[in-house]
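Heads up, run.json below (JSON, C-alpha atoms):
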[["chain", "number", "residue", "atom", "x", "y", "z"],
["E", 1, "MET", "CA", -67.49, -153.92, -27.48],
["E", 2, "THR", "CA", -64.22, -155.34, -28.76],
["E", 3, "ASP", "CA", -61.86, -153.63, -31.19],
["E", 4, "VAL", "CA", -62.64, -156.16, -33.91],
["E", 5, "LYS", "CA", -66.41, -155.87, -33.40],
["E", 6, "ASP", "CA", -66.02, -152.06, -33.48],
["E", 7, "ARG", "CA", -64.12, -152.31, -36.77],
["E", 8, "LEU", "CA", -66.76, -154.60, -38.25],
["E", 9, "ARG", "CA", -69.47, -152.13, -37.28],
["E", 10, "ALA", "CA", -67.47, -149.15, -38.60],
["E", 11, "LEU", "CA", -67.02, -150.99, -41.92],
["E", 12, "SER", "CA", -70.74, -151.89, -42.01],
["E", 13, "ILE", "CA", -69.82, -155.57, -42.13],
["E", 14, "GLU", "CA", -71.99, -158.27, -40.65],
["E", 15, "LEU", "CA", -70.49, -161.73, -40.54],
["E", 16, "PRO", "CA", -72.67, -164.44, -42.08],
["E", 17, "VAL", "CA", -74.23, -167.19, -39.99],
["E", 18, "LEU", "CA", -72.86, -170.44, -41.38],
["E", 19, "GLY", "CA", -74.19, -173.92, -40.93],
["E", 20, "ALA", "CA", -72.24, -177.11, -40.41],
["E", 21, "PRO", "CA", -70.34, -178.55, -43.38],
["E", 22, "ARG", "CA", -72.40, -180.85, -45.62],
["E", 23, "TYR", "CA", -69.61, -183.40, -45.95],
["E", 24, "ALA", "CA", -67.40, -185.50, -43.64],
["E", 25, "TYR", "CA", -65.06, -182.83, -42.26],
["E", 26, "GLU", "CA", -64.96, -180.12, -39.61],
["E", 27, "ALA", "CA", -65.23, -176.41, -40.45],
["E", 28, "THR", "CA", -62.33, -175.77, -38.07],
["E", 29, "THR", "CA", -59.89, -177.90, -36.12],
["E", 30, "ARG", "CA", -57.89, -176.65, -33.17],
["E", 31, "TRP", "CA", -54.56, -178.08, -32.12],
["E", 32, "GLY", "CA", -52.99, -176.25, -29.20],
["E", 33, "ASP", "CA", -52.73, -172.59, -30.13],
["E", 34, "LEU", "CA", -53.38, -173.21, -33.84],
["E", 35, "LEU", "CA", -56.72, -173.14, -35.61],
["E", 36, "TYR", "CA", -57.05, -174.64, -39.07],
["E", 37, "VAL", "CA", -59.99, -173.34, -41.09],
["E", 38, "SER", "CA", -61.35, -175.56, -43.85],
["E", 39, "GLY", "CA", -61.96, -174.20, -47.33],
["E", 40, "GLN", "CA", -64.51, -171.40, -47.49],
["E", 41, "ILE", "CA", -66.04, -170.68, -50.87],
["E", 42, "SER", "CA", -67.52, -167.49, -52.25],
["E", 43, "ARG", "CA", -71.04, -168.08, -50.90],
["E", 44, "THR", "CA", -72.97, -164.99, -49.83],
["E", 45, "ALA", "CA", -74.92, -164.72, -46.57],
["E", 46, "SER", "CA", -78.10, -165.34, -48.59],
["E", 47, "GLY", "CA", -76.67, -168.62, -49.89],
["E", 48, "GLU", "CA", -75.86, -167.50, -53.44],
["E", 49, "ILE", "CA", -72.58, -168.90, -54.73],
["E", 50, "LEU", "CA", -70.52, -166.37, -56.67],
["E", 51, "ARG", "CA", -69.51, -168.50, -59.64],
["E", 52, "GLY", "CA", -67.49, -168.12, -62.78],
["E", 53, "CYS", "CA", -64.12, -168.46, -64.39],
["E", 54, "LEU", "CA", -61.68, -165.55, -64.44],
["E", 55, "GLY", "CA", -60.58, -164.70, -67.95],
["E", 56, "ASP", "CA", -63.70, -166.36, -69.33],
["E", 57, "ASN", "CA", -67.03, -165.24, -67.86],
["E", 58, "ALA", "CA", -65.82, -163.43, -64.71],
["E", 59, "THR", "CA", -63.90, -160.17, -64.41],
["E", 60, "LEU", "CA", -61.14, -159.17, -62.03],
["E", 61, "ALA", "CA", -63.73, -157.12, -60.11],
["E", 62, "ASP", "CA", -65.98, -160.21, -59.86],
["E", 63, "GLY", "CA", -63.03, -162.14, -58.46],
["E", 64, "VAL", "CA", -62.22, -159.48, -55.87],
["E", 65, "THR", "CA", -65.86, -159.50, -54.71],
["E", 66, "ALA", "CA", -65.79, -163.30, -54.50],
["E", 67, "ALA", "CA", -62.51, -163.22, -52.53],
["E", 68, "ARG", "CA", -64.00, -160.74, -50.05],
["E", 69, "THR", "CA", -67.08, -162.94, -49.70],
["E", 70, "ALA", "CA", -64.99, -166.03, -48.98],
["E", 71, "ALA", "CA", -62.94, -164.02, -46.45],
["E", 72, "LEU", "CA", -66.13, -163.03, -44.61],
["E", 73, "ASN", "CA", -66.99, -166.72, -44.35],
["E", 74, "LEU", "CA", -63.51, -167.48, -43.08],
["E", 75, "LEU", "CA", -63.83, -164.77, -40.40],
["E", 76, "ALA", "CA", -67.24, -166.14, -39.41],
["E", 77, "ARG", "CA", -65.74, -169.63, -38.94],
["E", 78, "VAL", "CA", -62.94, -168.21, -36.79],
["E", 79, "ASP", "CA", -65.42, -166.16, -34.75],
["E", 80, "ASP", "CA", -67.60, -169.24, -34.19],
["E", 81, "ALA", "CA", -64.59, -171.33, -33.13],
["E", 82, "VAL", "CA", -62.55, -169.00, -30.91],
["E", 83, "GLY", "CA", -63.68, -165.40, -31.42],
["E", 84, "LEU", "CA", -61.82, -162.72, -33.35],
["E", 85, "ASP", "CA", -60.08, -160.79, -30.58],
["E", 86, "ASN", "CA", -57.12, -163.02, -29.85],
["E", 87, "VAL", "CA", -56.19, -164.42, -33.23],
["E", 88, "ARG", "CA", -53.56, -163.77, -35.87],
["E", 89, "ILE", "CA", -53.79, -164.98, -39.45],
["E", 90, "LEU", "CA", -50.58, -166.87, -40.19],
["E", 91, "LYS", "CA", -51.21, -168.33, -43.64],
["E", 92, "LEU", "CA", -53.93, -167.85, -46.21],
["E", 93, "ASN", "CA", -54.23, -170.34, -49.06],
["E", 94, "ALA", "CA", -56.39, -169.23, -51.96],
["E", 95, "TRP", "CA", -57.65, -170.64, -55.22],
["E", 96, "ALA", "CA", -59.38, -168.71, -57.98],
["E", 97, "ALA", "CA", -61.25, -170.45, -60.79],
["E", 98, "SER", "CA", -59.32, -169.29, -63.83],
["E", 99, "SER", "CA", -58.97, -169.83, -67.54],
["E", 100, "PRO", "CA", -55.50, -170.92, -68.73],
["E", 101, "THR", "CA", -54.76, -167.36, -69.89],
["E", 102, "PHE", "CA", -55.71, -165.57, -66.64],
["E", 103, "VAL", "CA", -52.59, -164.94, -64.55],
["E", 104, "ASP", "CA", -53.61, -162.23, -62.08],
["E", 105, "GLN", "CA", -54.76, -164.41, -59.18],
["E", 106, "PRO", "CA", -52.75, -162.28, -56.68],
["E", 107, "SER", "CA", -54.84, -159.21, -57.53],
["E", 108, "VAL", "CA", -58.05, -161.20, -57.04],
["E", 109, "ILE", "CA", -56.97, -162.61, -53.69],
["E", 110, "ASP", "CA", -55.89, -159.16, -52.51],
["E", 111, "GLY", "CA", -59.64, -158.63, -52.00],
["E", 112, "ALA", "CA", -59.52, -161.22, -49.21],
["E", 113, "SER", "CA", -56.19, -160.07, -47.83],
["E", 114, "GLN", "CA", -57.30, -156.45, -47.65],
["E", 115, "LEU", "CA", -60.54, -157.40, -45.89],
["E", 116, "LEU", "CA", -58.59, -159.38, -43.28],
["E", 117, "LEU", "CA", -56.33, -156.36, -42.69],
["E", 118, "ASP", "CA", -59.30, -153.99, -42.50],
["E", 119, "VAL", "CA", -61.08, -156.14, -39.92],
["E", 120, "LEU", "CA", -58.17, -157.52, -37.86],
["E", 121, "GLY", "CA", -55.56, -154.78, -38.27],
["E", 122, "ASP", "CA", -52.01, -156.06, -37.84],
["E", 123, "ALA", "CA", -53.39, -159.44, -36.72],
["E", 124, "GLY", "CA", -54.68, -159.82, -40.28],
["E", 125, "ARG", "CA", -51.18, -159.68, -41.83],
["E", 126, "HIS", "CA", -50.35, -163.08, -43.28],
["E", 127, "ALA", "CA", -48.28, -165.20, -45.60],
["E", 128, "ARG", "CA", -50.26, -166.23, -48.66],
["E", 129, "THR", "CA", -50.52, -168.54, -51.62],
["E", 130, "ALA", "CA", -52.78, -167.54, -54.55],
["E", 131, "LEU", "CA", -53.27, -170.25, -57.15],
["E", 132, "PRO", "CA", -55.45, -170.85, -60.21],
["E", 133, "ALA", "CA", -57.90, -173.74, -60.31],
["E", 134, "HIS", "CA", -59.68, -175.24, -63.27],
["E", 135, "VAL", "CA", -62.82, -175.67, -61.20],
["E", 136, "LEU", "CA", -63.74, -175.21, -57.53],
["E", 137, "PRO", "CA", -66.43, -176.87, -55.40],
["E", 138, "GLN", "CA", -69.98, -176.01, -56.45],
["E", 139, "GLY", "CA", -68.60, -173.83, -59.25],
["E", 140, "ALA", "CA", -67.36, -171.20, -56.80],
["E", 141, "LEU", "CA", -65.12, -168.45, -58.11],
["E", 142, "VAL", "CA", -62.85, -168.39, -55.02],
["E", 143, "GLU", "CA", -61.96, -170.73, -52.15],
["E", 144, "LEU", "CA", -59.83, -169.87, -49.11],
["E", 145, "ASP", "CA", -58.43, -171.77, -46.17],
["E", 146, "ALA", "CA", -56.22, -170.54, -43.36],
["E", 147, "THR", "CA", -53.95, -171.34, -40.46],
["E", 148, "ILE", "CA", -54.64, -169.08, -37.46],
["E", 149, "ALA", "CA", -52.66, -168.53, -34.27],
["E", 150, "ILE", "CA", -54.66, -168.17, -31.08],
["E", 151, "ARG", "CA", -53.13, -165.80, -28.53],
["E", 152, "GLY", "CA", -53.78, -165.88, -24.82]]
Starting from the file, give its structure as structure tokens.
Amino acid sequence: MTDVKDRLRALSIELPVLGAPRYAYEATTRWGDLLYVSGQISRTASGEILRGCLGDNATLADGVTAARTAALNLLARVDDAVGLDNVRILKLNAWAASSPTFVDQPSVIDGASQLLLDVLGDAGRHARTALPAHVLPQGALVELDATIAIRG
């Protein structure tokens, strides 16, 4: 059992099984020791999309849950592509569906950042951008993408 798999089990986290993208792009693309992960929305393992608009019909807590859900999908994509043991998150880009008056996107996206740290330890430390969006694909509350370094 690997350290990351042990952490997932200790946290009672099971990564979702994700299908291929529905559109004309790849879920991940590798170039040398870099892995680029396409946008992952806040879709649960059962297929439910966590939807809403922060500051309108979604709360900060809803946003944090959605960010964690999108981060689980991101980890599942990385695991499918190269495994989780020899990676480091370099950059996380995040969008949160927000009303014009909602300005606390960093607190929402901390849900994703904290999950990455909990699962990957120091390899989960990353640079980050957290931006508002008027609307996200399929009405999702959060979308994440990432640049990952592959070690070894």
Would you pick out the contacts of Ser107 of chain E at 9 Å or less, using all atoms listed in the file, so that residues sharing its chain but fewer than 5 positions from it are not included, and give the list as JSON, numbers by chain? {"E": [60, 63, 64]}
Near segment 44-51 of chain E, within 12 Å and counting all atoms listed in the file, which residues show up once chain neighbours fewer than 5 positions away are dropped, as an mmCIF file with C-alpha atoms, in the frame of the given file?
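What landed in result-v9.cif:
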data_model
loop_
_atom_site.group_PDB
_atom_site.id
_atom_site.type_symbol
_atom_site.label_atom_id
_atom_site.label_comp_id
_atom_site.auth_asym_id
_atom_site.auth_seq_id
_atom_site.Cartn_x
_atom_site.Cartn_y
_atom_site.Cartn_z
ATOM 1 C CA ILE E 13 -69.820 -155.570 -42.130
ATOM 2 C CA GLU E 14 -71.990 -158.270 -40.650
ATOM 3 C CA LEU E 15 -70.490 -161.730 -40.540
ATOM 4 C CA PRO E 16 -72.670 -164.440 -42.080
ATOM 5 C CA VAL E 17 -74.230 -167.190 -39.990
ATOM 6 C CA LEU E 18 -72.860 -170.440 -41.380
ATOM 7 C CA GLY E 19 -74.190 -173.920 -40.930
ATOM 8 C CA ASP E 56 -63.700 -166.360 -69.330
ATOM 9 C CA ASN E 57 -67.030 -165.240 -67.860
ATOM 10 C CA ALA E 58 -65.820 -163.430 -64.710
ATOM 11 C CA THR E 59 -63.900 -160.170 -64.410
ATOM 12 C CA ALA E 61 -63.730 -157.120 -60.110
ATOM 13 C CA ASP E 62 -65.980 -160.210 -59.860
ATOM 14 C CA GLY E 63 -63.030 -162.140 -58.460
ATOM 15 C CA VAL E 64 -62.220 -159.480 -55.870
ATOM 16 C CA THR E 65 -65.860 -159.500 -54.710
ATOM 17 C CA ALA E 66 -65.790 -163.300 -54.500
ATOM 18 C CA ALA E 67 -62.510 -163.220 -52.530
ATOM 19 C CA ARG E 68 -64.000 -160.740 -50.050
ATOM 20 C CA THR E 69 -67.080 -162.940 -49.700
ATOM 21 C CA ALA E 70 -64.990 -166.030 -48.980
ATOM 22 C CA ALA E 71 -62.940 -164.020 -46.450
ATOM 23 C CA LEU E 72 -66.130 -163.030 -44.610
ATOM 24 C CA ASN E 73 -66.990 -166.720 -44.350
ATOM 25 C CA LEU E 74 -63.510 -167.480 -43.080
ATOM 26 C CA ALA E 76 -67.240 -166.140 -39.410
ATOM 27 C CA ALA E 96 -59.380 -168.710 -57.980
ATOM 28 C CA ALA E 97 -61.250 -170.450 -60.790
ATOM 29 C CA SER E 98 -59.320 -169.290 -63.830
ATOM 30 C CA VAL E 135 -62.820 -175.670 -61.200
ATOM 31 C CA LEU E 136 -63.740 -175.210 -57.530
ATOM 32 C CA PRO E 137 -66.430 -176.870 -55.400
ATOM 33 C CA GLN E 138 -69.980 -176.010 -56.450
ATOM 34 C CA GLY E 139 -68.600 -173.830 -59.250
ATOM 35 C CA ALA E 140 -67.360 -171.200 -56.800
ATOM 36 C CA LEU E 141 -65.120 -168.450 -58.110
ATOM 37 C CA VAL E 142 -62.850 -168.390 -55.020
ATOM 38 C CA GLU E 143 -61.960 -170.730 -52.150
#
Quick one: distance from atom CA of Asp79 of chain E to atom CA of Val4 of chain E in Å, one decimal? 10.4 Å
Applying 12 Å and all atoms listed in the file, which residues near Pro21 of chain E remain after dropping the ones on its own chain fewer than 2 positions away? List them as an MDAnalysis selection string. chainID E and resid 18:19 23:28 37:41 77
Between atom CA of Asp33 of chain E and atom CA of Ala149 of chain E lies a distance of 5.8 Å
Of the candidates E:Leu84, E:Leu34, E:Leu8, E:Ala94, which one gets nearest to Ala133 of chain E if we count all atoms listed in the file?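 Residue with the minimum atom-to-atom distance to Ala133 of chain E: E:Ala94.
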For a test of reading the model, state the distance in Å between atom CA of Arg22 of chain E and atom CA of Arg43 of chain E, rounded to one decimal. 13.9 Å
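Closest approach to Pro132 of chain E among E:Val103, E:Ala20, E:Ile148, E:Ala10 is made by E:Val103 (distances from only C-alpha atoms).
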Using only C-alpha atoms, which of the listed residues (E:Ser99, E:Asp80, E:Pro106, E:Ile150) sits closest to Ala123 of chain E?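 Comparing E:Ser99, E:Asp80, E:Pro106, E:Ile150 against Ala123 of chain E, the winner is E:Ile150.
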Given only C-alpha atoms as the basis, pick out the residue of E:Thr29, E:Ser12, E:Thr147, E:Thr2 nearest to Ala81 of chain E.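 Looking only at the distances to Ala81 of chain E, the closest residue turns out to be E:Thr29.
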